[in-house]
Amino acid sequence: MTPGAAPDRAEVIDLSRDPREARAGIRRRLARVVLPLLAALLLIGATLGTIAVSHVNSRDDALALADAVLQALERRIVTEIENWLSPAERSVRLLHEAERRGAFRDDMRLAEPVGMALLGSIPHVSIVSIADADGGYVMFRRNEAGGIDTKIITQRPARRVVNIIRSADGSVVRTFEDPADPFDPRTRPWFVGAAASRDVYWTEIYVFFTDRVPGLTVSVAMREETGELRGVFGADIRLDALSAFLAGLTIGRTGRAMIIDRRGTLVAFPEADRAIKQVGDRLAPVRLDELDDPVLTRAFDIFRVEGPGRRTIEVAGTRHLTIATTVPGLAAQGWMVLIAVPEDEFIGFVARNTRLALVAAAAVAALAMLLAFMLVRQGLRADRALRRLRARSRTVATQAEALAALAAHATIAEPDPDDALRRFTETVARTLEARRVGVWRLGAGQAALRCEDAYDAEGEAHLAGTRLAREEIPEALAVLAGGTVDLADAAAEPRLAELHRRYLQPLGSRALLSAPIRRGGETLGLLWVEDRAAGIDGAAAFATAAAALLAPRLAPAMAGRSLGRDEPIRLAAGAAGARRSEAALMPGDGSLGGERPRRLAQRLARRGLDEQGVPAALFRDVTVLVLRFTDPLLLAERATDPDGTSLAAAAVRILEEVAARHGIDYLRLCGETAVAADGFGADSTARAVVMAEAALDLQELVSALFHAADHRQGFRIGLDTGPAMGDAVGAARGTYNLWGEAVRTAETMAASAPEAAIQASATTSALIADRFLLRPRGRFWLEGTGEVATFLLMARA
């Protein structure tokens, strides 16, 4: 690597970790995670594959079964048609043969016994007709009473129409003539078709006039040996029974079978009433496309294009099985059997079974994933436990080394050497990775806590002398003196709320680990660890052991003297002393002395003025308190008092009550800032103490106001003592206004203070240091004065 160049990332090696152990750990974790998940995925994949294969095979088998069922139905229907039509065909052939042999050539009426016998033996033949070329006609028709009626039309010597009505037993009920009957058999399709044919003739489908049902007529011509037409035999066949037969077939749940001719006219349909329609004053057969059934229409269209066969068609997203076949023996008529049924009605059980299998597979998959997850979690938990055990071992070793190092300093037990105590707090802070570590001495009778040394790791600075009176934190002191306390959030513990407000919150601390320093059964002090690292095991035990090392140091001091209210407070290095110095200090030394009034006098002199020459009143040592609210929207919210006023109104009421209680001369409110001032006379020092008392009261009451309303502490307080000017202003001169350096400095103290804290300038701190607990905050630059120290007013001493 080039000298002076930054080290390459690849060259940085973490010597605290064994690379082989790290690689083994990665492999172990991968095995604990990958193997259970892979096994679960293989199980799920095998289950899904089995279901997929089973679904395909079951579907194919179901379709094959559906084909067999449909083909069987198709053969049954064709057989039924043949059985229905062939007797009528044979009957007309029989009549033709009998006539040819001369049985009733000379008189058609001689065929009456044969016609009546045919009607009696073939139920679906409704009429038997015999007509000659001259228009003679004999018809045998089954009537509603079960008998057989006869119509005889003779043309010679004159036209005569005779009707014979018979009962069911064959007896003649009535005979009558109908001269108005215009019927001429030679005009009927069955006669015309047979006369033109050399074989049996079948008419198209039509609706019988008398019976009002669909049917057709089969006929055959009678001819001389020369081929001349002598007459025609015919038989009318009803087709409504075929519709009833089709309606009785079960084809899935909604499947349908029908018989249609080559033009698409319905021969037979499961719903017989839909097979005919009214056209004017007569009935006519219905065409398939008039049913408005897209499935049947499309199946018929495909048949006409592609011919007979089994096909699967899709209509409106639903698949249908169809089969179409022609009726043999009637090719000239072009009859066809058409069957259509939704595919799901034959193979739907396959999908249902597959869905059930998928539900079961989902349960198996969930169980497999759960087991895999449990195995993975157990494995990772074991790894974490192993890592925690190793980390704990390292932590215990580190803490043991730290305790050994602390115990090695023999001077730690001596009350005087401060270096040993500083090394002690630094070592504890480094071991527990804490933000701040402090050693606090408990005064006689547990009247107060006093900080012997506090190490701030962020600033690498030591502080001492902070004092917390028992009256301020009675509950917290009782809890902390009773044993080791380890809290991640001290504010959440009600008994430590006051300690958090007065000490931890102004310093930005949250977590607190407190271990009592004891000798025998007596608590001598406390070891406080603030904001330690959360991942260090055994921190409380280490703090307790470390606190035990301090007992010899604090015991002599406790035995030799008591810690009372008159003890001076030691401030941070470089700050002013606890008591006010009488010497005049120079700018930048952190205090005031007489320098600020002298500089004011110099500025007046440069303008050719003196104190008597200025119309406004000049005050040399006024203590100004500034209360600044940080959130204007918060002030507009409702307070918790019975009157339901805003937080702003409640806060102003508190300010007025505090000012009245302490007899403060000057109070003014402007926007989000309130200004109070006192010390306008000769007792300015005493009034500085009063203003500090008022600031603490104001802090406590306003904090309680915001806390009761469940809001953050949105206020800051600043204090300064120095020169100011004032005068009555306005048209009526009824408003007194105060301004000047002390007001500006107090406003600066309030603006830069921590939330809910009181920040005092060095001038005010020097006046009140013997009566109040102060903590150094830092140094600020003030225009016209220089760099000055600031302090947080913590509590009454």
# chains A, B, ... in the order shown; residues from 1 in each chain; ligands from 1
>>> select_by_dssp(residues="stretch 263-330 of chain A", states="helix (DSSP H, G or I)", output="list in words")
Ala272, Asp273, Arg274, Leu288, Asp289, Glu290, Leu291, Pro294, Val295, Leu296, Thr297, Arg298, Ala299, Phe300, Asp301, Ile302, Phe303, Arg304, Val305 and Glu306 of chain A
>>> write_last_selection(atoms="N, CA, C and O atoms", output="tab-separated table (two decimals), in the first residue's frame")
chain	number	residue	atom	x	y	z
A	272	ALA	N	-92.29	-30.37	-25.21
A	272	ALA	CA	-93.14	-30.54	-26.38
A	272	ALA	C	-93.86	-29.26	-26.77
A	272	ALA	O	-94.09	-29.00	-27.97
A	273	ASP	N	-94.25	-28.45	-25.79
A	273	ASP	CA	-94.98	-27.23	-26.12
A	273	ASP	C	-94.14	-26.23	-26.88
A	273	ASP	O	-94.66	-25.31	-27.51
A	274	ARG	N	-92.80	-26.38	-26.81
A	274	ARG	CA	-91.92	-25.46	-27.53
A	274	ARG	C	-91.63	-25.95	-28.95
A	274	ARG	O	-90.95	-25.26	-29.70
A	288	LEU	N	-84.99	-24.73	-34.98
A	288	LEU	CA	-84.07	-24.74	-33.84
A	288	LEU	C	-83.59	-23.33	-33.49
A	288	LEU	O	-83.48	-22.97	-32.31
A	289	ASP	N	-83.31	-22.51	-34.50
A	289	ASP	CA	-82.80	-21.17	-34.22
A	289	ASP	C	-83.86	-20.27	-33.58
A	289	ASP	O	-83.55	-19.20	-33.08
A	290	GLU	N	-85.16	-20.70	-33.64
A	290	GLU	CA	-86.20	-19.91	-33.01
A	290	GLU	C	-86.30	-20.17	-31.51
A	290	GLU	O	-87.03	-19.48	-30.80
A	291	LEU	N	-85.56	-21.16	-30.99
A	291	LEU	CA	-85.56	-21.43	-29.54
A	291	LEU	C	-84.70	-20.43	-28.77
A	291	LEU	O	-84.76	-20.37	-27.55
A	294	PRO	N	-78.26	-20.45	-27.59
A	294	PRO	CA	-76.98	-20.33	-28.31
A	294	PRO	C	-76.19	-21.64	-28.35
A	294	PRO	O	-75.45	-21.88	-29.31
A	295	VAL	N	-76.34	-22.48	-27.33
A	295	VAL	CA	-75.59	-23.73	-27.32
A	295	VAL	C	-76.08	-24.66	-28.43
A	295	VAL	O	-75.30	-25.19	-29.23
A	296	LEU	N	-77.42	-24.87	-28.49
A	296	LEU	CA	-77.98	-25.74	-29.51
A	296	LEU	C	-77.75	-25.18	-30.91
A	296	LEU	O	-77.45	-25.93	-31.86
A	297	THR	N	-77.91	-23.89	-31.06
A	297	THR	CA	-77.71	-23.27	-32.37
A	297	THR	C	-76.29	-23.46	-32.86
A	297	THR	O	-76.05	-23.82	-34.03
A	298	ARG	N	-75.31	-23.25	-31.98
A	298	ARG	CA	-73.92	-23.39	-32.40
A	298	ARG	C	-73.58	-24.86	-32.69
A	298	ARG	O	-72.86	-25.16	-33.64
A	299	ALA	N	-74.10	-25.78	-31.88
A	299	ALA	CA	-73.84	-27.20	-32.13
A	299	ALA	C	-74.40	-27.60	-33.50
A	299	ALA	O	-73.76	-28.36	-34.25
A	300	PHE	N	-75.61	-27.12	-33.84
A	300	PHE	CA	-76.21	-27.45	-35.14
A	300	PHE	C	-75.41	-26.83	-36.28
A	300	PHE	O	-75.20	-27.47	-37.32
A	301	ASP	N	-74.94	-25.60	-36.09
A	301	ASP	CA	-74.15	-24.95	-37.13
A	301	ASP	C	-72.85	-25.71	-37.39
A	301	ASP	O	-72.44	-25.88	-38.55
A	302	ILE	N	-72.21	-26.16	-36.32
A	302	ILE	CA	-70.97	-26.92	-36.50
A	302	ILE	C	-71.25	-28.25	-37.20
A	302	ILE	O	-70.48	-28.69	-38.06
A	303	PHE	N	-72.37	-28.87	-36.85
A	303	PHE	CA	-72.74	-30.13	-37.53
A	303	PHE	C	-72.93	-29.90	-39.03
A	303	PHE	O	-72.48	-30.71	-39.85
A	304	ARG	N	-73.61	-28.83	-39.39
A	304	ARG	CA	-73.86	-28.58	-40.81
A	304	ARG	C	-72.57	-28.32	-41.57
A	304	ARG	O	-72.47	-28.61	-42.76
A	305	VAL	N	-71.55	-27.77	-40.86
A	305	VAL	CA	-70.27	-27.47	-41.54
A	305	VAL	C	-69.34	-28.68	-41.52
A	305	VAL	O	-68.74	-29.05	-42.53
A	306	GLU	N	-69.21	-29.32	-40.35
A	306	GLU	CA	-68.21	-30.36	-40.17
A	306	GLU	C	-68.78	-31.77	-40.20
A	306	GLU	O	-68.03	-32.75	-40.21
>>> select_by_dssp(residues="stretch 269-370 of chain A", states="strand (DSSP E)", output="MDAnalysis selection string")
chainID A and resid 276:279 282:285 309:315 318:326 336:342
>>> write_last_selection(atoms="N, CA, C and O atoms", output="short mmCIF file (atom, residue, chain, number, x, y, z; two decimals), in the first residue's frame")
data_model
loop_
_atom_site.label_atom_id
_atom_site.label_comp_id
_atom_site.auth_asym_id
_atom_site.auth_seq_id
_atom_site.Cartn_x
_atom_site.Cartn_y
_atom_site.Cartn_z
N ILE A 276 -93.89 -26.53 -31.32
CA ILE A 276 -94.84 -26.00 -32.30
C ILE A 276 -95.09 -24.54 -32.00
O ILE A 276 -94.88 -24.08 -30.86
N LYS A 277 -95.60 -23.83 -33.02
CA LYS A 277 -95.87 -22.41 -32.87
C LYS A 277 -97.12 -22.06 -33.66
O LYS A 277 -97.53 -22.79 -34.57
N GLN A 278 -97.74 -20.97 -33.33
CA GLN A 278 -98.94 -20.50 -34.00
C GLN A 278 -98.53 -19.57 -35.13
O GLN A 278 -97.82 -18.57 -34.94
N VAL A 279 -98.97 -19.89 -36.34
CA VAL A 279 -98.70 -19.04 -37.50
C VAL A 279 -100.04 -18.70 -38.13
O VAL A 279 -100.66 -19.52 -38.83
N ARG A 282 -103.13 -21.32 -38.15
CA ARG A 282 -102.68 -22.71 -38.12
C ARG A 282 -101.43 -22.85 -37.25
O ARG A 282 -100.80 -21.86 -36.87
N LEU A 283 -101.10 -24.10 -36.96
CA LEU A 283 -99.91 -24.43 -36.17
C LEU A 283 -98.81 -24.91 -37.10
O LEU A 283 -99.08 -25.55 -38.13
N ALA A 284 -97.58 -24.62 -36.75
CA ALA A 284 -96.44 -25.02 -37.57
C ALA A 284 -95.31 -25.46 -36.66
O ALA A 284 -95.19 -25.01 -35.51
N PRO A 285 -94.41 -26.33 -37.14
CA PRO A 285 -93.25 -26.74 -36.34
C PRO A 285 -92.29 -25.57 -36.12
O PRO A 285 -92.26 -24.61 -36.90
N GLY A 309 -70.53 -36.12 -35.34
CA GLY A 309 -69.39 -36.40 -34.47
C GLY A 309 -69.58 -35.82 -33.08
O GLY A 309 -70.57 -35.12 -32.81
N ARG A 310 -68.60 -36.13 -32.19
CA ARG A 310 -68.63 -35.58 -30.82
C ARG A 310 -67.65 -34.43 -30.73
O ARG A 310 -66.50 -34.53 -31.19
N ARG A 311 -68.10 -33.34 -30.16
CA ARG A 311 -67.25 -32.14 -30.06
C ARG A 311 -67.47 -31.46 -28.71
O ARG A 311 -68.51 -31.64 -28.08
N THR A 312 -66.48 -30.68 -28.35
CA THR A 312 -66.58 -29.83 -27.15
C THR A 312 -66.58 -28.38 -27.62
O THR A 312 -65.65 -27.94 -28.30
N ILE A 313 -67.64 -27.68 -27.29
CA ILE A 313 -67.75 -26.28 -27.68
C ILE A 313 -67.81 -25.42 -26.42
O ILE A 313 -68.16 -25.90 -25.34
N GLU A 314 -67.44 -24.17 -26.58
CA GLU A 314 -67.45 -23.22 -25.46
C GLU A 314 -68.37 -22.07 -25.80
O GLU A 314 -68.19 -21.41 -26.84
N VAL A 315 -69.34 -21.83 -24.94
CA VAL A 315 -70.29 -20.74 -25.13
C VAL A 315 -70.37 -19.96 -23.82
O VAL A 315 -70.65 -20.54 -22.76
N THR A 318 -68.51 -21.31 -20.83
CA THR A 318 -68.85 -22.64 -20.31
C THR A 318 -68.64 -23.66 -21.42
O THR A 318 -69.10 -23.48 -22.56
N ARG A 319 -67.95 -24.75 -21.09
CA ARG A 319 -67.69 -25.81 -22.05
C ARG A 319 -68.86 -26.79 -22.05
O ARG A 319 -69.38 -27.16 -21.00
N HIS A 320 -69.25 -27.22 -23.28
CA HIS A 320 -70.36 -28.15 -23.44
C HIS A 320 -69.90 -29.33 -24.29
O HIS A 320 -69.16 -29.16 -25.28
N LEU A 321 -70.36 -30.52 -23.89
CA LEU A 321 -70.15 -31.72 -24.69
C LEU A 321 -71.34 -31.87 -25.64
O LEU A 321 -72.50 -31.80 -25.20
N THR A 322 -71.07 -32.09 -26.93
CA THR A 322 -72.15 -32.26 -27.91
C THR A 322 -71.88 -33.50 -28.74
O THR A 322 -70.71 -33.88 -28.98
N ILE A 323 -72.94 -34.14 -29.16
CA ILE A 323 -72.83 -35.28 -30.06
C ILE A 323 -73.96 -35.15 -31.07
O ILE A 323 -75.11 -34.86 -30.71
N ALA A 324 -73.65 -35.32 -32.36
CA ALA A 324 -74.64 -35.19 -33.43
C ALA A 324 -74.47 -36.38 -34.37
O ALA A 324 -73.35 -36.71 -34.78
N THR A 325 -75.58 -37.03 -34.68
CA THR A 325 -75.53 -38.19 -35.58
C THR A 325 -76.81 -38.23 -36.40
O THR A 325 -77.88 -37.82 -35.95
N THR A 326 -76.70 -38.73 -37.64
CA THR A 326 -77.87 -38.87 -38.51
C THR A 326 -78.58 -40.18 -38.20
O THR A 326 -77.97 -41.15 -37.73
N MET A 336 -81.63 -35.95 -37.69
CA MET A 336 -80.41 -35.97 -36.90
C MET A 336 -80.76 -35.96 -35.42
O MET A 336 -81.70 -35.27 -35.00
N VAL A 337 -80.01 -36.73 -34.66
CA VAL A 337 -80.12 -36.69 -33.20
C VAL A 337 -79.01 -35.76 -32.68
O VAL A 337 -77.83 -35.96 -33.00
N LEU A 338 -79.39 -34.75 -31.87
CA LEU A 338 -78.44 -33.78 -31.31
C LEU A 338 -78.56 -33.79 -29.79
O LEU A 338 -79.65 -33.63 -29.24
N ILE A 339 -77.41 -34.01 -29.11
CA ILE A 339 -77.36 -34.03 -27.65
C ILE A 339 -76.34 -32.99 -27.20
O ILE A 339 -75.22 -32.91 -27.75
N ALA A 340 -76.69 -32.20 -26.20
CA ALA A 340 -75.79 -31.17 -25.64
C ALA A 340 -75.91 -31.18 -24.12
O ALA A 340 -77.03 -31.21 -23.59
N VAL A 341 -74.78 -31.14 -23.44
CA VAL A 341 -74.77 -31.16 -21.97
C VAL A 341 -73.53 -30.41 -21.49
O VAL A 341 -72.45 -30.53 -22.10
N PRO A 342 -73.63 -29.56 -20.45
CA PRO A 342 -72.44 -28.89 -19.92
C PRO A 342 -71.39 -29.90 -19.44
O PRO A 342 -71.71 -30.91 -18.81
#
>>> residues_around(residues="A:Gly135", least_positions_apart="2", cutoff="10 Å", atoms="only C-alpha atoms", output="ChimeraX atom specification")
/A:131-133,137,153-155,159,183-187,231
>>> closest_atom_pairs(of="stretch 206-227 of chain A", to="stretch 242-248 of chain A", cutoff="12 Å", atoms="only C-alpha atoms", output="tab-separated table")
residue	atom	partner	partner_atom	distance
A:Val213	CA	A:Ser243	CA	10.7
A:Pro214	CA	A:Ser243	CA	9.8
A:Gly215	CA	A:Leu242	CA	10.1
>>> residues_around(residues="stretch 758-763 of chain A", least_positions_apart="6", cutoff="10 Å", atoms="only C-alpha atoms", output="PyMOL selection string")
chain A and resi 506+575-576+580+589-593+596+621+623+625-627+688+692+695-696+698-699+715-722+742+745-746+748-752+769+774-777+779-780+788-795
>>> closest_residue(among="A:Leu512, A:Leu65, A:Ala639, A:Leu421", to="A:Leu550", atoms="only C-alpha atoms")
A:Leu421
>>> residues_around(residues="A:Leu526", least_positions_apart="4", cutoff="8 Å", atoms="only C-alpha atoms", output="PyMOL selection string")
chain A and resi 439-442+480-481+514-517+547
>>> write_last_selection(atoms="N, CA and C atoms", output="mmCIF file, in the first residue's frame")
data_model
loop_
_atom_site.group_PDB
_atom_site.id
_atom_site.type_symbol
_atom_site.label_atom_id
_atom_site.label_comp_id
_atom_site.auth_asym_id
_atom_site.auth_seq_id
_atom_site.Cartn_x
_atom_site.Cartn_y
_atom_site.Cartn_z
ATOM 1 N N VAL A 439 -20.633 9.213 40.716
ATOM 2 C CA VAL A 439 -20.570 8.690 42.085
ATOM 3 C C VAL A 439 -21.180 9.750 42.992
ATOM 4 N N TRP A 440 -22.243 9.382 43.705
ATOM 5 C CA TRP A 440 -22.990 10.318 44.538
ATOM 6 C C TRP A 440 -22.870 9.897 45.999
ATOM 7 N N ARG A 441 -22.532 10.901 46.833
ATOM 8 C CA ARG A 441 -22.420 10.658 48.270
ATOM 9 C C ARG A 441 -23.762 10.986 48.928
ATOM 10 N N LEU A 442 -24.216 10.111 49.812
ATOM 11 C CA LEU A 442 -25.455 10.310 50.549
ATOM 12 C C LEU A 442 -25.134 10.969 51.879
ATOM 13 N N LEU A 480 -33.942 4.333 45.259
ATOM 14 C CA LEU A 480 -32.566 4.091 44.842
ATOM 15 C C LEU A 480 -31.704 3.599 45.995
ATOM 16 N N ALA A 481 -31.963 4.088 47.211
ATOM 17 C CA ALA A 481 -31.182 3.637 48.373
ATOM 18 C C ALA A 481 -31.539 2.207 48.758
ATOM 19 N N SER A 514 -28.789 2.382 38.692
ATOM 20 C CA SER A 514 -28.329 2.899 39.982
ATOM 21 C C SER A 514 -28.008 1.721 40.897
ATOM 22 N N ALA A 515 -26.786 1.722 41.436
ATOM 23 C CA ALA A 515 -26.366 0.679 42.378
ATOM 24 C C ALA A 515 -25.983 1.344 43.692
ATOM 25 N N PRO A 516 -26.509 0.888 44.835
ATOM 26 C CA PRO A 516 -26.175 1.506 46.121
ATOM 27 C C PRO A 516 -24.757 1.154 46.565
ATOM 28 N N ILE A 517 -24.110 2.136 47.172
ATOM 29 C CA ILE A 517 -22.777 1.919 47.756
ATOM 30 C C ILE A 517 -23.000 1.691 49.247
ATOM 31 N N ALA A 547 -19.767 -0.761 42.670
ATOM 32 C CA ALA A 547 -20.168 0.119 43.766
ATOM 33 C C ALA A 547 -19.586 -0.351 45.094
#
>>> residues_around(residues="A:Ala362", least_positions_apart="4", cutoff="10 Å", atoms="only C-alpha atoms", output="PyMOL selection string")
chain A and resi 44+47-48+356-358+366-368
>>> atom_distance(atom1="atom CA of A:Asp134", atom2="atom CA of A:Arg230")
8.4 Å
>>> atom_distance(atom1="atom CA of A:Ala454", atom2="atom CA of A:Thr425")
7.0 Å
>>> closest_residue(among="A:Gly482, A:Pro157, A:Gly227, A:Gly538", to="A:Gly521", atoms="only C-alpha atoms")
A:Gly482
>>> atom_distance(atom1="atom CA of A:Ala648", atom2="atom CA of A:Arg712")
14.4 Å
>>> closest_residue(among="A:Ala196, A:Ile259, A:Ile237, A:Leu513", to="A:Ile122", atoms="only C-alpha atoms")
A:Ile237
>>> residues_around(residues="A:Thr203", least_positions_apart="3", cutoff="12 Å", atoms="only C-alpha atoms", output="ChimeraX atom specification")
/A:188-194,197,200,206-207,214-220,234-237,261,330,332-334
>>> closest_residue(among="A:Gly120, A:Val359, A:Phe233, A:Gln71", to="A:Met139", atoms="only C-alpha atoms")
A:Phe233
